[in-house]
file model.cif (mmCIF, C-alpha atoms)
data_structure
#
loop_
_atom_site.label_atom_id
_atom_site.label_comp_id
_atom_site.auth_asym_id
_atom_site.auth_seq_id
_atom_site.Cartn_x
_atom_site.Cartn_y
_atom_site.Cartn_z
CA GLN A 16 0.00 0.00 0.00
CA VAL A 17 1.38 3.37 -1.06
CA VAL A 18 1.25 6.04 1.63
CA LEU A 19 2.57 9.59 1.33
CA VAL A 20 2.95 11.87 4.35
CA GLU A 21 3.89 15.52 3.91
CA SER A 22 5.40 17.85 6.48
CA GLY A 23 7.32 21.09 6.64
CA GLY A 24 4.60 23.60 5.92
CA GLY A 25 4.09 26.66 8.05
CA SER A 26 3.84 30.42 8.12
CA VAL A 27 6.65 32.60 6.84
CA GLN A 28 7.13 36.16 5.73
CA ALA A 29 7.62 37.08 2.10
CA GLY A 30 11.18 36.38 1.02
CA GLY A 31 11.53 33.48 3.43
CA SER A 32 12.15 29.81 2.76
CA LEU A 33 10.58 26.47 3.60
CA ARG A 34 11.47 22.89 2.82
CA LEU A 35 8.62 20.47 2.40
CA SER A 36 9.12 16.75 2.90
CA CYS A 37 7.07 13.80 1.74
CA VAL A 38 7.90 10.43 3.27
CA ALA A 39 6.81 7.54 1.08
CA SER A 40 6.04 3.99 2.06
CA GLY A 41 4.96 0.99 0.03
CA TYR A 42 7.43 1.70 -2.78
CA THR A 43 10.77 3.45 -3.35
CA VAL A 44 10.77 7.08 -4.41
CA ASN A 45 13.23 6.50 -7.23
CA SER A 46 10.99 3.90 -8.85
CA ARG A 47 8.13 6.24 -9.73
CA CYS A 48 7.64 9.70 -11.06
CA MET A 49 6.69 12.04 -8.21
CA ALA A 50 5.54 15.62 -7.99
CA TRP A 51 4.32 18.47 -5.85
CA PHE A 52 1.00 20.18 -6.51
CA ARG A 53 -0.73 23.01 -4.73
CA GLN A 54 -4.25 24.29 -4.37
CA THR A 55 -6.05 27.23 -2.82
CA PRO A 56 -9.80 27.41 -2.16
CA GLY A 57 -11.72 28.29 -5.30
CA LYS A 58 -8.79 27.69 -7.62
CA GLU A 59 -7.76 24.71 -9.67
CA ARG A 60 -4.93 22.51 -8.49
CA GLU A 61 -1.66 23.40 -10.19
CA GLY A 62 1.58 21.55 -10.65
CA VAL A 63 4.58 22.93 -8.80
CA GLY A 64 7.36 20.54 -9.76
CA VAL A 65 7.86 17.01 -11.03
CA ILE A 66 10.83 14.66 -10.91
CA TYR A 67 10.96 11.76 -13.29
CA THR A 68 12.09 8.24 -12.43
CA ASN A 69 15.54 8.87 -13.94
CA GLY A 70 16.06 11.66 -11.43
CA ILE A 71 17.34 13.92 -14.19
CA ASN A 72 14.21 15.27 -15.81
CA ARG A 73 12.62 17.88 -13.58
CA TYR A 74 10.00 20.41 -14.60
CA TYR A 75 8.38 23.28 -12.79
CA GLY A 76 5.35 25.47 -13.10
CA ASP A 77 5.96 28.79 -14.84
CA PHE A 78 5.33 30.66 -11.61
CA VAL A 79 8.31 28.98 -9.92
CA LYS A 80 10.84 31.11 -11.82
CA GLY A 81 13.86 29.34 -10.36
CA ARG A 82 12.77 29.74 -6.74
CA PHE A 83 11.90 26.09 -5.95
CA THR A 84 13.85 22.85 -6.26
CA ILE A 85 12.38 19.37 -6.24
CA SER A 86 14.61 16.51 -5.11
CA ARG A 87 14.48 13.07 -3.56
CA ASP A 88 16.52 10.91 -1.21
CA SER A 89 16.32 7.18 -1.81
CA VAL A 90 17.90 6.36 1.55
CA GLU A 91 15.29 8.39 3.43
CA ASN A 92 12.68 7.43 0.81
CA THR A 93 11.58 11.03 0.85
CA LEU A 94 10.62 13.64 -1.72
CA TYR A 95 11.53 17.26 -1.00
CA LEU A 96 10.54 20.70 -2.20
CA GLN A 97 12.92 23.50 -1.28
CA MET A 98 11.12 26.81 -1.62
CA ASN A 99 13.03 30.09 -1.53
CA SER A 100 12.00 33.71 -2.06
CA LEU A 101 8.45 32.87 -1.09
CA GLU A 102 5.69 35.27 -2.08
CA PRO A 103 2.18 35.73 -0.67
CA GLU A 104 0.88 34.20 -3.92
CA ASP A 105 2.56 30.93 -2.90
CA THR A 106 0.09 30.53 -0.04
CA ALA A 107 -1.67 27.21 -0.62
CA MET A 108 -2.06 23.62 0.50
CA TYR A 109 0.82 21.64 -0.95
CA TYR A 110 0.43 17.98 -1.87
CA CYS A 111 2.94 15.39 -2.93
CA ALA A 112 1.88 12.75 -5.39
CA ALA A 113 3.18 9.59 -7.04
CA VAL A 114 2.12 8.01 -10.29
CA GLY A 115 0.32 4.71 -10.24
CA LYS A 116 2.23 1.48 -10.82
CA GLY A 117 3.23 1.14 -14.45
CA LYS A 118 2.27 4.73 -15.30
CA TYR A 119 4.48 7.52 -16.59
CA CYS A 120 4.64 11.24 -16.06
CA SER A 121 3.65 13.74 -18.69
CA GLY A 122 5.10 16.93 -17.31
CA LEU A 123 2.84 18.45 -14.67
CA ASN A 124 -0.28 16.74 -15.96
CA SER A 125 -1.96 15.33 -12.85
CA ARG A 126 -3.79 12.46 -14.56
CA PRO A 127 -1.11 9.76 -14.03
CA PHE A 128 -0.87 10.54 -10.33
CA ASP A 129 -2.92 8.00 -8.39
CA HIS A 130 -1.43 8.44 -4.92
CA TRP A 131 -1.67 11.63 -2.89
CA GLY A 132 -0.66 12.81 0.54
CA GLN A 133 -2.92 14.66 2.93
CA GLY A 134 -1.27 18.01 2.25
CA THR A 135 0.70 20.56 4.23
CA GLN A 136 -0.32 24.21 4.48
CA VAL A 137 2.04 26.99 3.44
CA THR A 138 1.13 30.56 4.37
CA VAL A 139 3.24 33.50 3.24
CA SER A 140 2.54 36.93 4.69
CA SER A 141 3.56 40.23 3.16
#
call {"tool": "encode", "arguments": {"input": "model.cif", "output": "structure tokens"}}
result
Amino acid sequence: QVVLVESGGGSVQAGGSLRLSCVASGYTVNSRCMAWFRQTPGKEREGVGVIYTNGINRYYGDFVKGRFTISRDSVENTLYLQMNSLEPEDTAMYYCAAVGKGKYCSGLNSRPFDHWGQGTQVTVSS
């Protein structure tokens, strides 16, 4: 059974940094494409960053503009999202996700992602 548990969210001032973590169980993080998504009430969910199985291909939403980095640690079996230069517009619930067994990523398209964490809230004040 695949289980994803996020942590690391919180409240920061604009310009600050946070590192989100997503501990995976039931599979190894380097065996599946994984990603971070975010959502605010009344808005559609949007892709933040994705890391492919090869660990080389990584893509980000246009709004990231070099501020965030997605990474993974196979020893800790954890996915990370380092977020720097945070802006109030980054306020959202952040979710990590993994594709279903045998599925492949297609950029930040959420359709292949069958497994989701419960989310961690990020709040950025001006």
call {"tool": "resolve_selection", "arguments": {"input": "model.cif", "expression": "the PyMOL selection byres ((chain A and resi 95) around 12)", "output": "PyMOL selection string"}}
result
chain A and resi 20-24+33-39+44+49-51+63-66+83-89+91-94+96-98+109-112
call {"tool": "resolve_selection", "arguments": {"input": "model.cif", "expression": "the PyMOL selection byres ((chain A and resi 122) around 10)", "output": "JSON, numbers by chain"}}
result
{"A": [48, 50, 62, 64, 65, 66, 67, 72, 73, 74, 75, 76, 119, 120, 121, 123, 124, 125]}
call {"tool": "resolve_selection", "arguments": {"input": "model.cif", "expression": "the PyMOL selection byres ((chain A and resi 41) around 9)", "output": "tab-separated table (two decimals) with C-alpha atoms, keeping the file's coordinate frame"}}
result
chain	number	residue	atom	x	y	z
A	16	GLN	CA	0.00	0.00	0.00
A	17	VAL	CA	1.38	3.37	-1.06
A	18	VAL	CA	1.25	6.04	1.63
A	39	ALA	CA	6.81	7.54	1.08
A	40	SER	CA	6.04	3.99	2.06
A	42	TYR	CA	7.43	1.70	-2.78
A	43	THR	CA	10.77	3.45	-3.35
call {"tool": "closest_residue", "arguments": {"input": "model.cif", "among": "A:Ala29, A:Val90, A:Ile71, A:Leu19", "to": "Asp105 in chain A", "atoms": "all atoms listed in the file"}}
result
A:Ala29
call {"tool": "atom_distance", "arguments": {"input": "model.cif", "atom1": "CA of Gly30 in chain A", "atom2": "CA of Gly134 in chain A"}}
result
22.2 Å
call {"tool": "closest_residue", "arguments": {"input": "model.cif", "among": "A:Gly70, A:Arg47, A:Gly57, A:Asp77", "to": "Pro127 in chain A", "atoms": "all atoms listed in the file"}}
result
A:Arg47
call {"tool": "closest_residue", "arguments": {"input": "model.cif", "among": "A:Ala113, A:Val139, A:Val79, A:Ala107", "to": "Ser32 in chain A", "atoms": "all atoms listed in the file"}}
result
A:Val139
call {"tool": "atom_distance", "arguments": {"input": "model.cif", "atom1": "CA of Ser140 in chain A", "atom2": "CA of Ser26 in chain A"}}
result
7.5 Å
